[in-house]
Structure formats: structure tokens, C-alpha cells
>>> print(open('my_file.pdb').read())   # PDB, C-alpha atoms and all ligand atoms
ATOM      1  CA  MET A   1      17.251  11.740   9.737
ATOM      2  CA  THR A   2      18.396  13.944   6.919
ATOM      3  CA  SER A   3      19.092  17.649   6.916
ATOM      4  CA  ARG A   4      17.546  20.209   4.594
ATOM      5  CA  ALA A   5      20.978  20.906   3.156
ATOM      6  CA  GLU A   6      20.996  17.489   1.508
ATOM      7  CA  HIS A   7      17.744  18.208  -0.292
ATOM      8  CA  ARG A   8      16.824  19.975  -3.477
ATOM      9  CA  VAL A   9      13.139  20.868  -3.744
ATOM     10  CA  LEU A  10      11.611  21.069  -7.208
ATOM     11  CA  GLN A  11       8.402  22.908  -8.121
ATOM     12  CA  VAL A  12       6.518  21.208 -10.940
ATOM     13  CA  GLY A  13       3.801  23.325 -12.564
ATOM     14  CA  PRO A  14       2.218  26.574 -11.413
ATOM     15  CA  LEU A  15       1.352  26.902  -7.711
ATOM     16  CA  LYS A  16      -0.432  29.438  -5.524
ATOM     17  CA  PRO A  17       1.910  32.473  -5.725
ATOM     18  CA  SER A  18       2.533  32.651  -1.947
ATOM     19  CA  LEU A  19       3.414  28.943  -1.868
ATOM     20  CA  ALA A  20       5.777  29.287  -4.835
ATOM     21  CA  GLN A  21       7.382  32.295  -3.144
ATOM     22  CA  THR A  22       7.882  30.388   0.149
ATOM     23  CA  LEU A  23       9.410  27.478  -1.735
ATOM     24  CA  ARG A  24      11.880  29.820  -3.405
ATOM     25  CA  THR A  25      12.838  31.856  -0.358
ATOM     26  CA  ASP A  26      12.672  29.315   2.496
ATOM     27  CA  TYR A  27      13.565  26.112   0.638
ATOM     28  CA  ASP A  28      15.758  27.416  -2.175
ATOM     29  CA  ALA A  29      13.475  25.504  -4.552
ATOM     30  CA  VAL A  30      13.958  25.440  -8.298
ATOM     31  CA  GLU A  31      11.132  25.340 -10.848
ATOM     32  CA  LEU A  32      10.935  22.868 -13.709
ATOM     33  CA  PRO A  33      10.616  24.726 -17.033
ATOM     34  CA  ALA A  34       7.337  23.957 -18.768
ATOM     35  CA  ASP A  35       8.787  23.275 -22.229
ATOM     36  CA  GLU A  36      11.641  21.683 -24.072
ATOM     37  CA  PRO A  37      14.523  22.366 -24.699
ATOM     38  CA  ASP A  38      14.762  24.319 -21.417
ATOM     39  CA  ARG A  39      13.491  21.320 -19.495
ATOM     40  CA  SER A  40      16.236  18.957 -20.710
ATOM     41  CA  ALA A  41      18.977  21.455 -19.938
ATOM     42  CA  PHE A  42      17.450  22.107 -16.512
ATOM     43  CA  LEU A  43      17.232  18.403 -15.698
ATOM     44  CA  ALA A  44      20.832  17.838 -16.791
ATOM     45  CA  GLU A  45      21.844  20.432 -14.199
ATOM     46  CA  HIS A  46      19.474  19.681 -11.284
ATOM     47  CA  ALA A  47      17.860  16.237 -11.624
ATOM     48  CA  ALA A  48      20.438  14.287  -9.652
ATOM     49  CA  ALA A  49      19.948  16.430  -6.526
ATOM     50  CA  VAL A  50      16.128  16.574  -6.395
ATOM     51  CA  THR A  51      14.635  14.686  -3.425
ATOM     52  CA  ALA A  52      11.199  16.334  -3.156
ATOM     53  CA  VAL A  53       8.718  17.675  -5.707
ATOM     54  CA  VAL A  54       5.911  20.080  -4.876
ATOM     55  CA  THR A  55       3.140  20.083  -7.476
ATOM     56  CA  SER A  56      -0.639  20.361  -7.772
ATOM     57  CA  GLY A  57      -3.451  18.268  -9.165
ATOM     58  CA  ARG A  58      -3.310  20.480 -12.232
ATOM     59  CA  THR A  59       0.169  19.258 -13.223
ATOM     60  CA  GLY A  60       1.379  16.234 -11.217
ATOM     61  CA  VAL A  61       4.383  14.015 -11.825
ATOM     62  CA  ASP A  62       4.308  11.273 -14.457
ATOM     63  CA  ALA A  63       6.439   8.130 -14.622
ATOM     64  CA  ALA A  64       8.910   9.693 -17.070
ATOM     65  CA  LEU A  65       9.673  12.612 -14.760
ATOM     66  CA  MET A  66      10.050  10.252 -11.790
ATOM     67  CA  ALA A  67      12.518   8.207 -13.844
ATOM     68  CA  ALA A  68      14.502  11.380 -14.555
ATOM     69  CA  LEU A  69      14.835  12.186 -10.819
ATOM     70  CA  PRO A  70      16.901   9.326  -9.334
ATOM     71  CA  GLN A  71      16.901  10.638  -5.729
ATOM     72  CA  LEU A  72      13.221  11.601  -5.636
ATOM     73  CA  GLY A  73      11.637  10.540  -2.332
ATOM     74  CA  ALA A  74       8.332  12.414  -2.221
ATOM     75  CA  VAL A  75       5.740  14.090  -4.411
ATOM     76  CA  VAL A  76       3.941  16.659  -2.250
ATOM     77  CA  ASN A  77       0.639  17.508  -3.933
ATOM     78  CA  PHE A  78      -1.308  20.712  -3.329
ATOM     79  CA  GLY A  79      -4.906  19.483  -3.625
ATOM     80  CA  VAL A  80      -6.839  16.426  -2.554
ATOM     81  CA  GLY A  81      -6.960  14.963  -6.081
ATOM     82  CA  TYR A  82      -3.701  13.413  -7.267
ATOM     83  CA  ASP A  83      -4.804  11.723 -10.501
ATOM     84  CA  THR A  84      -2.138  13.586 -12.493
ATOM     85  CA  THR A  85       0.602  11.845 -10.479
ATOM     86  CA  ASP A  86       1.431   8.242 -11.404
ATOM     87  CA  VAL A  87       1.030   6.629  -7.975
ATOM     88  CA  ASP A  88       1.783   3.119  -9.308
ATOM     89  CA  ALA A  89       5.105   4.315 -10.703
ATOM     90  CA  ALA A  90       5.777   6.099  -7.392
ATOM     91  CA  ALA A  91       5.078   2.885  -5.453
ATOM     92  CA  GLU A  92       7.470   0.919  -7.668
ATOM     93  CA  ARG A  93      10.219   3.432  -6.990
ATOM     94  CA  GLY A  94       9.527   3.825  -3.258
ATOM     95  CA  ILE A  95       8.501   7.462  -3.778
ATOM     96  CA  GLY A  96       5.912   8.821  -1.319
ATOM     97  CA  VAL A  97       2.913  10.899  -2.376
ATOM     98  CA  SER A  98       0.904  13.247  -0.153
ATOM     99  CA  ASN A  99      -2.247  15.284  -0.778
ATOM    100  CA  THR A 100      -4.324  17.831   1.179
ATOM    101  CA  PRO A 101      -7.460  16.027   2.419
ATOM    102  CA  ASP A 102     -10.034  17.338   4.929
ATOM    103  CA  VAL A 103      -9.085  21.030   4.773
ATOM    104  CA  LEU A 104     -11.032  21.558   1.531
ATOM    105  CA  THR A 105     -13.982  19.249   2.215
ATOM    106  CA  ASP A 106     -16.365  21.983   3.387
ATOM    107  CA  CYS A 107     -15.678  24.369   0.500
ATOM    108  CA  VAL A 108     -16.000  21.701  -2.183
ATOM    109  CA  ALA A 109     -19.216  20.426  -0.588
ATOM    110  CA  ASP A 110     -20.529  24.012  -0.432
ATOM    111  CA  THR A 111     -19.736  24.357  -4.136
ATOM    112  CA  ALA A 112     -21.656  21.188  -4.997
ATOM    113  CA  VAL A 113     -24.725  22.394  -3.113
ATOM    114  CA  GLY A 114     -24.400  25.863  -4.653
ATOM    115  CA  LEU A 115     -24.280  24.360  -8.150
ATOM    116  CA  LEU A 116     -27.236  22.099  -7.380
ATOM    117  CA  ILE A 117     -29.389  24.992  -6.191
ATOM    118  CA  ASP A 118     -28.278  27.216  -9.048
ATOM    119  CA  VAL A 119     -29.006  24.705 -11.785
ATOM    120  CA  LEU A 120     -32.414  23.615 -10.441
ATOM    121  CA  ARG A 121     -33.585  27.145  -9.617
ATOM    122  CA  GLN A 122     -31.736  28.708 -12.594
ATOM    123  CA  PHE A 123     -30.444  31.623 -10.525
ATOM    124  CA  SER A 124     -27.523  32.353 -12.865
ATOM    125  CA  ALA A 125     -29.809  32.209 -15.909
ATOM    126  CA  ALA A 126     -32.403  34.392 -14.150
ATOM    127  CA  ASP A 127     -29.651  36.874 -13.283
ATOM    128  CA  ARG A 128     -28.672  37.039 -16.970
ATOM    129  CA  PHE A 129     -32.372  37.499 -17.886
ATOM    130  CA  LEU A 130     -32.674  40.452 -15.488
ATOM    131  CA  ARG A 131     -29.411  42.101 -16.564
ATOM    132  CA  ALA A 132     -30.406  41.790 -20.221
ATOM    133  CA  GLY A 133     -33.453  43.969 -19.458
ATOM    134  CA  ARG A 134     -35.877  41.152 -20.233
ATOM    135  CA  TRP A 135     -37.995  41.319 -17.024
ATOM    136  CA  PRO A 136     -40.021  44.420 -18.041
ATOM    137  CA  VAL A 137     -40.302  43.137 -21.619
ATOM    138  CA  ASP A 138     -40.884  39.384 -21.262
ATOM    139  CA  GLY A 139     -42.542  39.413 -17.828
ATOM    140  CA  ASN A 140     -41.938  36.864 -15.111
ATOM    141  CA  TYR A 141     -39.073  34.403 -15.390
ATOM    142  CA  PRO A 142     -40.312  30.865 -16.202
ATOM    143  CA  LEU A 143     -40.890  28.538 -13.268
ATOM    144  CA  THR A 144     -37.996  26.319 -12.180
ATOM    145  CA  ARG A 145     -37.608  23.150 -10.068
ATOM    146  CA  GLN A 146     -37.743  22.744  -6.273
ATOM    147  CA  VAL A 147     -34.546  21.747  -4.435
ATOM    148  CA  SER A 148     -35.911  20.746  -1.021
ATOM    149  CA  GLY A 149     -37.084  17.167  -0.841
ATOM    150  CA  ARG A 150     -35.394  16.031  -4.083
ATOM    151  CA  ARG A 151     -33.936  12.547  -4.457
ATOM    152  CA  VAL A 152     -30.159  12.883  -4.698
ATOM    153  CA  GLY A 153     -27.583  10.235  -5.618
ATOM    154  CA  ILE A 154     -23.984  10.686  -4.515
ATOM    155  CA  LEU A 155     -21.361   8.952  -6.627
ATOM    156  CA  GLY A 156     -18.381   8.500  -4.288
ATOM    157  CA  LEU A 157     -19.224   8.672  -0.591
ATOM    158  CA  GLY A 158     -15.810   9.758   0.675
ATOM    159  CA  ARG A 159     -15.114  12.836   2.764
ATOM    160  CA  ILE A 160     -16.536  15.275   0.218
ATOM    161  CA  GLY A 161     -19.475  13.078  -0.814
ATOM    162  CA  SER A 162     -20.430  12.636   2.844
ATOM    163  CA  ALA A 163     -20.240  16.386   3.473
ATOM    164  CA  ILE A 164     -22.507  17.012   0.469
ATOM    165  CA  ALA A 165     -24.981  14.402   1.739
ATOM    166  CA  ALA A 166     -25.026  15.973   5.228
ATOM    167  CA  ARG A 167     -25.808  19.398   3.756
ATOM    168  CA  LEU A 168     -28.577  18.061   1.525
ATOM    169  CA  GLY A 169     -30.083  16.204   4.476
ATOM    170  CA  ALA A 170     -30.871  19.629   5.923
ATOM    171  CA  PHE A 171     -32.856  20.342   2.715
ATOM    172  CA  GLY A 172     -34.994  17.263   3.332
ATOM    173  CA  CYS A 173     -33.440  15.463   0.350
ATOM    174  CA  SER A 174     -33.398  11.674   0.325
ATOM    175  CA  ILE A 175     -29.873  10.398  -0.247
ATOM    176  CA  ALA A 176     -28.623   7.246  -1.936
ATOM    177  CA  TYR A 177     -25.041   6.526  -2.975
ATOM    178  CA  HIS A 178     -22.803   4.304  -5.025
ATOM    179  CA  ASN A 179     -19.215   3.760  -4.005
ATOM    180  CA  ARG A 180     -16.442   1.234  -4.705
ATOM    181  CA  HIS A 181     -17.297  -0.278  -1.313
ATOM    182  CA  ARG A 182     -20.422  -0.016   0.777
ATOM    183  CA  VAL A 183     -19.780   2.418   3.651
ATOM    184  CA  GLU A 184     -20.860   0.332   6.627
ATOM    185  CA  ALA A 185     -21.581   3.147   9.080
ATOM    186  CA  SER A 186     -23.477   5.225   6.506
ATOM    187  CA  PRO A 187     -27.144   6.090   7.089
ATOM    188  CA  TYR A 188     -27.712   6.383   3.324
ATOM    189  CA  ALA A 189     -29.048   3.757   0.926
ATOM    190  CA  TYR A 190     -26.296   1.911  -0.949
ATOM    191  CA  VAL A 191     -26.908   1.179  -4.637
ATOM    192  CA  GLY A 192     -24.803  -1.412  -6.482
ATOM    193  CA  SER A 193     -24.025   0.503  -9.695
ATOM    194  CA  ALA A 194     -23.865   4.010 -11.106
ATOM    195  CA  VAL A 195     -26.659   3.210 -13.612
ATOM    196  CA  GLU A 196     -28.995   1.958 -10.895
ATOM    197  CA  LEU A 197     -28.207   4.996  -8.764
ATOM    198  CA  ALA A 198     -28.931   7.385 -11.639
ATOM    199  CA  ALA A 199     -32.215   5.620 -12.439
ATOM    200  CA  GLY A 200     -33.564   6.216  -8.925
ATOM    201  CA  VAL A 201     -32.700   9.885  -8.341
ATOM    202  CA  ASP A 202     -33.496  13.390  -9.614
ATOM    203  CA  VAL A 203     -29.952  14.689  -9.181
ATOM    204  CA  LEU A 204     -26.689  12.762  -9.504
ATOM    205  CA  VAL A 205     -23.724  14.386  -7.738
ATOM    206  CA  VAL A 206     -20.256  13.216  -8.785
ATOM    207  CA  ALA A 207     -17.807  13.277  -5.860
ATOM    208  CA  ALA A 208     -15.613  10.299  -6.804
ATOM    209  CA  ALA A 209     -11.832  10.544  -7.054
ATOM    210  CA  GLY A 210     -10.448  10.865 -10.568
ATOM    211  CA  GLY A 211      -8.009   8.442 -12.166
ATOM    212  CA  SER A 212      -8.119   5.254 -14.205
ATOM    213  CA  GLY A 213     -10.574   3.502 -11.850
ATOM    214  CA  THR A 214     -13.324   6.079 -12.408
ATOM    215  CA  ARG A 215     -12.680   7.133 -16.018
ATOM    216  CA  ARG A 216     -16.075   7.724 -17.721
ATOM    217  CA  LEU A 217     -17.909   6.011 -14.871
ATOM    218  CA  VAL A 218     -20.742   8.373 -15.795
ATOM    219  CA  ASP A 219     -21.192   7.176 -19.379
ATOM    220  CA  ALA A 220     -24.076   7.453 -21.849
ATOM    221  CA  ASP A 221     -26.001   4.678 -20.062
ATOM    222  CA  VAL A 222     -25.766   6.440 -16.703
ATOM    223  CA  LEU A 223     -26.858   9.736 -18.258
ATOM    224  CA  ASP A 224     -29.787   8.037 -20.006
ATOM    225  CA  ALA A 225     -30.787   6.434 -16.707
ATOM    226  CA  LEU A 226     -30.791   9.901 -15.122
ATOM    227  CA  GLY A 227     -33.047  10.954 -17.975
ATOM    228  CA  ALA A 228     -34.823  14.028 -19.305
ATOM    229  CA  ASP A 229     -35.901  15.197 -15.823
ATOM    230  CA  GLY A 230     -32.502  14.491 -14.261
ATOM    231  CA  TYR A 231     -29.639  16.802 -13.328
ATOM    232  CA  LEU A 232     -25.906  16.109 -13.079
ATOM    233  CA  ILE A 233     -23.547  17.933 -10.697
ATOM    234  CA  ASN A 234     -19.779  17.370 -10.988
ATOM    235  CA  VAL A 235     -17.249  18.744  -8.487
ATOM    236  CA  ALA A 236     -14.790  15.846  -8.861
ATOM    237  CA  ARG A 237     -12.928  15.470 -12.145
ATOM    238  CA  GLY A 238     -14.077  15.917 -15.731
ATOM    239  CA  SER A 239     -12.577  12.507 -16.547
ATOM    240  CA  VAL A 240     -15.290  10.755 -14.482
ATOM    241  CA  VAL A 241     -17.943  11.810 -17.024
ATOM    242  CA  ASP A 242     -18.233  11.089 -20.756
ATOM    243  CA  GLU A 243     -18.257  14.777 -21.620
ATOM    244  CA  ALA A 244     -19.291  14.368 -25.269
ATOM    245  CA  ALA A 245     -22.309  12.251 -24.231
ATOM    246  CA  LEU A 246     -23.178  14.823 -21.561
ATOM    247  CA  VAL A 247     -23.018  17.769 -23.958
ATOM    248  CA  GLU A 248     -25.243  16.007 -26.530
ATOM    249  CA  ARG A 249     -27.904  15.231 -23.930
ATOM    250  CA  LEU A 250     -27.889  18.719 -22.411
ATOM    251  CA  ALA A 251     -28.276  20.254 -25.871
ATOM    252  CA  ASP A 252     -31.138  18.020 -27.071
ATOM    253  CA  GLY A 253     -33.125  17.738 -23.824
ATOM    254  CA  ARG A 254     -32.299  14.137 -22.917
ATOM    255  CA  LEU A 255     -30.966  15.571 -19.641
ATOM    256  CA  ALA A 256     -32.606  18.466 -17.753
ATOM    257  CA  GLY A 257     -29.445  20.266 -16.681
ATOM    258  CA  ALA A 258     -25.957  20.172 -15.210
ATOM    259  CA  GLY A 259     -23.796  22.091 -12.758
ATOM    260  CA  LEU A 260     -20.123  21.635 -13.590
ATOM    261  CA  ASP A 261     -17.011  22.817 -11.750
ATOM    262  CA  VAL A 262     -14.706  20.446 -13.645
ATOM    263  CA  PHE A 263     -14.147  19.521 -17.298
ATOM    264  CA  ALA A 264     -12.327  16.878 -19.295
ATOM    265  CA  ALA A 265      -9.675  19.191 -20.784
ATOM    266  CA  GLU A 266      -9.432  22.204 -18.462
ATOM    267  CA  PRO A 267      -9.307  25.099 -19.061
ATOM    268  CA  THR A 268     -11.075  24.235 -22.311
ATOM    269  CA  VAL A 269     -14.866  24.004 -21.971
ATOM    270  CA  PRO A 270     -16.988  22.542 -24.798
ATOM    271  CA  ALA A 271     -18.261  25.517 -26.818
ATOM    272  CA  GLU A 272     -21.737  23.936 -27.104
ATOM    273  CA  LEU A 273     -22.258  24.424 -23.360
ATOM    274  CA  LEU A 274     -21.682  28.170 -23.403
ATOM    275  CA  GLY A 275     -25.032  29.020 -24.967
ATOM    276  CA  LEU A 276     -27.157  26.725 -22.780
ATOM    277  CA  ASP A 277     -29.233  28.126 -19.905
ATOM    278  CA  ASN A 278     -29.731  24.693 -18.332
ATOM    279  CA  VAL A 279     -26.073  24.486 -17.321
ATOM    280  CA  VAL A 280     -24.089  26.338 -14.691
ATOM    281  CA  LEU A 281     -20.386  26.425 -15.494
ATOM    282  CA  LEU A 282     -17.622  27.210 -13.002
ATOM    283  CA  PRO A 283     -13.879  27.437 -13.722
ATOM    284  CA  HIS A 284     -12.807  24.758 -11.172
ATOM    285  CA  VAL A 285     -13.294  26.937  -8.084
ATOM    286  CA  GLY A 286     -14.478  24.246  -5.633
ATOM    287  CA  SER A 287     -11.730  24.806  -3.071
ATOM    288  CA  GLY A 288     -11.079  28.388  -4.145
ATOM    289  CA  THR A 289     -11.590  30.442  -1.002
ATOM    290  CA  VAL A 290      -8.978  32.447   0.866
ATOM    291  CA  GLU A 291      -9.443  30.304   3.975
ATOM    292  CA  THR A 292      -9.303  26.906   2.313
ATOM    293  CA  ARG A 293      -6.426  27.684  -0.016
ATOM    294  CA  ALA A 294      -4.422  28.983   2.987
ATOM    295  CA  ALA A 295      -5.130  25.730   4.836
ATOM    296  CA  MET A 296      -4.113  23.700   1.756
ATOM    297  CA  GLU A 297      -0.892  25.707   1.516
ATOM    298  CA  ALA A 298      -0.105  25.133   5.201
ATOM    299  CA  LEU A 299      -0.745  21.393   4.901
ATOM    300  CA  THR A 300       1.415  21.185   1.766
ATOM    301  CA  LEU A 301       4.297  22.800   3.676
ATOM    302  CA  ARG A 302       3.723  20.532   6.698
ATOM    303  CA  ASN A 303       4.096  17.526   4.427
ATOM    304  CA  LEU A 304       7.234  18.945   2.854
ATOM    305  CA  ASP A 305       8.789  19.815   6.239
ATOM    306  CA  GLU A 306       8.005  16.386   7.651
ATOM    307  CA  PHE A 307       9.524  14.678   4.651
ATOM    308  CA  LEU A 308      12.647  16.831   4.739
ATOM    309  CA  SER A 309      13.198  16.221   8.449
ATOM    310  CA  THR A 310      11.960  12.620   8.978
ATOM    311  CA  GLY A 311      11.479  11.073   5.537
ATOM    312  CA  ARG A 312       7.752  10.589   6.278
ATOM    313  CA  LEU A 313       4.604  12.432   5.137
ATOM    314  CA  VAL A 314       1.801  13.857   7.334
ATOM    315  CA  THR A 315      -1.134  13.117   5.008
ATOM    316  CA  PRO A 316       0.205  10.372   2.767
ATOM    317  CA  VAL A 317      -1.539   8.765  -0.146
ATOM    318  CA  LEU A 318       1.573   6.593  -0.077
ATOM    319  CA  GLN A 319       4.449   6.786   2.419
ATOM    320  CA  PRO A 320       7.971   6.893   1.000
ATOM    321  CA  ALA A 321       9.905   3.638   1.308
ATOM    322  CA  VAL A 322      12.229   3.720   4.291
ATOM    323  CA  ARG A 323      15.733   4.104   2.902
ATOM    324  CA  VAL A 324      18.567   2.452   4.843
TER
HETATM  325  C1  LIG B   1      -7.571  22.512  -6.594
HETATM  326  C2  LIG B   1      -8.759  20.263  -6.586
HETATM  327  O1  LIG B   1      -8.105  23.567  -7.308
HETATM  328  O2  LIG B   1      -7.948  19.548  -4.513
HETATM  329  C3  LIG B   1      -8.269  19.244  -5.641
HETATM  330  O3  LIG B   1      -8.186  18.073  -6.051
HETATM  331  O4  LIG B   1      -9.202  19.961  -7.635
HETATM  332  C4  LIG B   1      -8.731  21.684  -6.201
HETATM  333  O5  LIG B   1      -8.854  21.823  -4.828
HETATM  334  C5  LIG B   1      -6.485  21.948  -7.402
HETATM  335  O6  LIG B   1      -6.004  20.724  -6.995
HETATM  336  C6  LIG B   1      -5.325  22.905  -7.390
HETATM  337  O7  LIG B   1      -4.520  22.613  -8.409
END
>>> encode(input="my_file.pdb", output="C-alpha cells", more="lines below")
Ligand code: 8YV
Amino acid sequence: MTSRAEHRVLQVGPLKPSLAQTLRTDYDAVELPADEPDRSAFLAEHAAAVTAVVTSGRTGVDAALMAALPQLGAVVNFGVGYDTTDVDAAAERGIGVSNTPDVLTDCVADTAVGLLIDVLRQFSAADRFLRAGRWPVDGNYPLTRQVSGRRVGILGLGRIGSAIAARLGAFGCSIAYHNRHRVEASPYAYVGSAVELAAGVDVLVVAAAGGSGTRRLVDADVLDALGADGYLINVARGSVVDEAALVERLADGRLAGAGLDVFAAEPTVPAELLGLDNVVLLPHVGSGTVETRAAMEALTLRNLDEFLSTGRLVTPVLQPAVRV
């Protein structure tokens, strides 16, 4: 057992303001400056004492920063996705990594379904049409596509993918999925590749974890298999999709539409998408409700507390090595 007094907590990257405040006041945390030369001077002063980092999926901790923190024992990540933290480097150094699973599943699944309905029924575009005064001038809004009963493919049948599938089941949608491994207890049809999955559905929903294993899993071939009547929904990470190939196909009609909460280089969104009515674009708000963000904050602090008092993590991606 260690005491809090032996620990220095480091905040890396921006965090929810109430979480950052708690870290400062209750944990005496320090914050890593974003840029050089402040960062080097800061590390010269504090690096040797840092045992725990609190960060988010937006920033993460790379191998170079881990190497600069010789006593680092845990990276506590606010968010379920941890692709910005180098977990292999953490494993080599015996550094634990935690995330915030489960508490955000419902909100992210709700977002996926909301995007799916919006893009097929064009509610956001119809809202713009009405506000622009076009209803009395142009008449009825053009017909859109039915949601209920559609064939949906889920790419990544983890917690969030399963929650999306359960919701869409209530819409009478038929569900198939592709995943790294077949999910034995799943009632849904397993398909052996992303291309095959895309070829057999009307809507492909990306719910796979980000990182090197899924980079551009949805490539030009997958998008072409989805085809001119197909829709793509992405609530996972922009890195899972070949964004340039997606933009081209949305612009020239080789894909019917897309609902996107995530992008390859957030907060930058390809300018070509902004003028298209067949896309719904959200600024990465999947987990962004008062309730869910409070639960994520509480779980982040539970992980930090557990690490500071026992050296273990509550929701580990990787437990810290036991130090003797
Ligand atoms: C957060 C997310 O917005 O949990 C995730 O992986 O992408 C979102 O819930 C993000 O991590 C906060 O930085």
C-alpha cells in the first residue's frame, strides 16, 4: 500500500472542467503544458515525482511521455476509447491503463440510432429546408427512406455495438455483424469480413474500437460494397474509415449518405461534407450528456483513487505491474 502523499498526479490534455478542478483541489494535481518550451521546463521540475496521469481519449499518453515519467504507474483515461495512449509501451513499462466502459454505452448507442434515423429520414436537412422558408415556395420536402425493417450491419459487436443492435431490433431491423471474433452467445448473423457485411446490408454502423488494428477497416472496397443505396454511420473513431474515400463517394452519389459523430482529424471536418444534405455531422457528442459525463467522471476518479490506495485499477484495460 502506498499513501497519496507519495504520489504526484499529472493532468495531460484538457478535461471536463469539474474533473480538472477536483484533480487540482483534492489531488494537488499539476497540468502538463501543451507546448514547448514550457513542457520541457515543467518535466524537468515534476517528471520524477509523477506516478499517475489522468487524460482523455482526445489526448492520451504516447511512448515518449511515458519514457519521460520514470515513476509512472497508471494512465487513467476519461473515455472508453484509449487509442491515443500507447498501450504496448505501457505494457512494456508495467504501467496500467484504465478507461470508462459501460457508463457511456447507452448514450453512444442512442447517438448511433439518432444519426441513423436522421440520415435516412433527412430530418436535419428537412429542418434546414423549413427554416430557409422553402416549404411555401418549393412545396413538400422530397421523400426519404424508411428506417424500420432495414438491414443493418454492425462493425464491432462489443458493448456499444450490442446496445445499438438491441435498439434497432425494436425497429424490426435485421442485424448482421462483423467482429474480430465471432460472439458465441449473439443472436445476430456473423459475417466473416467487413466487405461481405457491407455488401449484404442497407446501413453499416461502425462501433469498433479505434487503434492500429482497425485503421481504415472501412476502406474504398467496403464503401463500394455498401454501394449507392447504402448508408454509413460512425460513432467509433474517424481512423476506422478511409475518410477521403468516404467523402468522394458521398459527393458523387456512390454512397447514399452518412451519419458521422467522429472524424479522422478532429476538430477538423472535411470542407466538402459541409454542403452535402445526405450527411449528418456531429461534433463528437456521442457520450455528451450531463448524466453520462458525470458517470464517466466518477469512474475516472474511482480508478485514480484505487490506484493511489492499492496500486490496482477498477476498470483496467491493463493492470499495473505489481511493484515489490
Ligand atoms: C469522449 C469517446 O467524448 O469515450 C470515448 O471514447 O470518444 C467520448 O466518450 C471522449 O473520450 C472524451 O475525450
>>> residues_near_ligand(input="my_file.pdb", ligand="ligand LIG 1 (chain B)", cutoff="9 Å", atoms="all atoms listed in the file", output="JSON, numbers by chain")
{"A": [14, 15, 16, 55, 56, 57, 58, 59, 77, 78, 79, 80, 81, 82, 83, 99, 100, 101, 104, 108, 209, 210, 235, 236, 237, 262, 284, 285, 286, 287, 288, 292, 293, 296]}
>>> write_last_selection(input="my_file.pdb", atoms="C-alpha atoms", output="PDB file, keeping the file's coordinate frame")
ATOM      1  CA  PRO A  14       2.218  26.574 -11.413  1.00  0.00           C
ATOM      2  CA  LEU A  15       1.352  26.902  -7.711  1.00  0.00           C
ATOM      3  CA  LYS A  16      -0.432  29.438  -5.524  1.00  0.00           C
ATOM      4  CA  THR A  55       3.140  20.083  -7.476  1.00  0.00           C
ATOM      5  CA  SER A  56      -0.639  20.361  -7.772  1.00  0.00           C
ATOM      6  CA  GLY A  57      -3.451  18.268  -9.165  1.00  0.00           C
ATOM      7  CA  ARG A  58      -3.310  20.480 -12.232  1.00  0.00           C
ATOM      8  CA  THR A  59       0.169  19.258 -13.223  1.00  0.00           C
ATOM      9  CA  ASN A  77       0.639  17.508  -3.933  1.00  0.00           C
ATOM     10  CA  PHE A  78      -1.308  20.712  -3.329  1.00  0.00           C
ATOM     11  CA  GLY A  79      -4.906  19.483  -3.625  1.00  0.00           C
ATOM     12  CA  VAL A  80      -6.839  16.426  -2.554  1.00  0.00           C
ATOM     13  CA  GLY A  81      -6.960  14.963  -6.081  1.00  0.00           C
ATOM     14  CA  TYR A  82      -3.701  13.413  -7.267  1.00  0.00           C
ATOM     15  CA  ASP A  83      -4.804  11.723 -10.501  1.00  0.00           C
ATOM     16  CA  ASN A  99      -2.247  15.284  -0.778  1.00  0.00           C
ATOM     17  CA  THR A 100      -4.324  17.831   1.179  1.00  0.00           C
ATOM     18  CA  PRO A 101      -7.460  16.027   2.419  1.00  0.00           C
ATOM     19  CA  LEU A 104     -11.032  21.558   1.531  1.00  0.00           C
ATOM     20  CA  VAL A 108     -16.000  21.701  -2.183  1.00  0.00           C
ATOM     21  CA  ALA A 209     -11.832  10.544  -7.054  1.00  0.00           C
ATOM     22  CA  GLY A 210     -10.448  10.865 -10.568  1.00  0.00           C
ATOM     23  CA  VAL A 235     -17.249  18.744  -8.487  1.00  0.00           C
ATOM     24  CA  ALA A 236     -14.790  15.846  -8.861  1.00  0.00           C
ATOM     25  CA  ARG A 237     -12.928  15.470 -12.145  1.00  0.00           C
ATOM     26  CA  VAL A 262     -14.706  20.446 -13.645  1.00  0.00           C
ATOM     27  CA  HIS A 284     -12.807  24.758 -11.172  1.00  0.00           C
ATOM     28  CA  VAL A 285     -13.294  26.937  -8.084  1.00  0.00           C
ATOM     29  CA  GLY A 286     -14.478  24.246  -5.633  1.00  0.00           C
ATOM     30  CA  SER A 287     -11.730  24.806  -3.071  1.00  0.00           C
ATOM     31  CA  GLY A 288     -11.079  28.388  -4.145  1.00  0.00           C
ATOM     32  CA  THR A 292      -9.303  26.906   2.313  1.00  0.00           C
ATOM     33  CA  ARG A 293      -6.426  27.684  -0.016  1.00  0.00           C
ATOM     34  CA  MET A 296      -4.113  23.700   1.756  1.00  0.00           C
TER      35      MET A 296
END
>>> axis_aligned_box(input="my_file.pdb", around="segment 296-309 of chain A", padding_each_side="5 Å", output="JSON")
{"center_x": 4.5, "center_y": 20.2, "center_z": 5.0, "size_x": 27.3, "size_y": 21.0, "size_z": 16.9}
>>> atom_distance(input="my_file.pdb", atom1="atom CA of Val183 of chain A", atom2="atom CA of Thr111 of chain A")
23.3 Å
>>> resolve_selection(input="my_file.pdb", expression="the PyMOL selection byres (((chain A and resi 18) around 12) and not hetatm)", output="count of residues only")
19
>>> closest_residue(input="my_file.pdb", among="A:Pro270, A:Ala265, A:Leu226, A:Leu69", to="Val247 of chain A", atoms="all atoms listed in the file")
A:Pro270
>>> resolve_selection(input="my_file.pdb", expression="the PyMOL selection byres (((chain A and resi 271) around 12) and not hetatm)", output="number ranges by chain")
A: 243-244, 247-248, 251, 263, 267-270, 272-276, 281
>>> closest_residue(input="my_file.pdb", among="A:Val279, A:Val76, A:Ala176, A:Ala256", to="Tyr190 of chain A", atoms="only C-alpha atoms")
A:Ala176
>>> residues_around(input="my_file.pdb", residues="segment 122-128 of chain A", least_positions_apart="6", cutoff="8 Å", atoms="all atoms listed in the file", output="list in words")
Tyr141, Thr144, Asp277, Asn278 and Val280 of chain A
>>> residues_around(input="my_file.pdb", residues="Val97 of chain A", least_positions_apart="6", cutoff="8 Å", atoms="only C-alpha atoms", output="list in words")
Ala74, Val75, Val76, Asn77, Val87, Ala90, Leu313, Pro316, Val317, Leu318, Gln319 and Pro320 of chain A
>>> closest_residue(input="my_file.pdb", among="A:Thr51, A:Ser162, A:Ser174, A:Asn303", to="Ala109 of chain A", atoms="all atoms listed in the file")
A:Ser162
>>> atom_distance(input="my_file.pdb", atom1="atom CA of Thr310 of chain A", atom2="atom CA of Leu32 of chain A")
24.9 Å
>>> atom_distance(input="my_file.pdb", atom1="atom CA of Pro33 of chain A", atom2="atom CA of Gly13 of chain A")
8.3 Å
>>> closest_residue(input="my_file.pdb", among="A:Arg180, A:Arg121, A:Arg167, A:Arg159", to="Ala258 of chain A", atoms="only C-alpha atoms")
A:Arg121
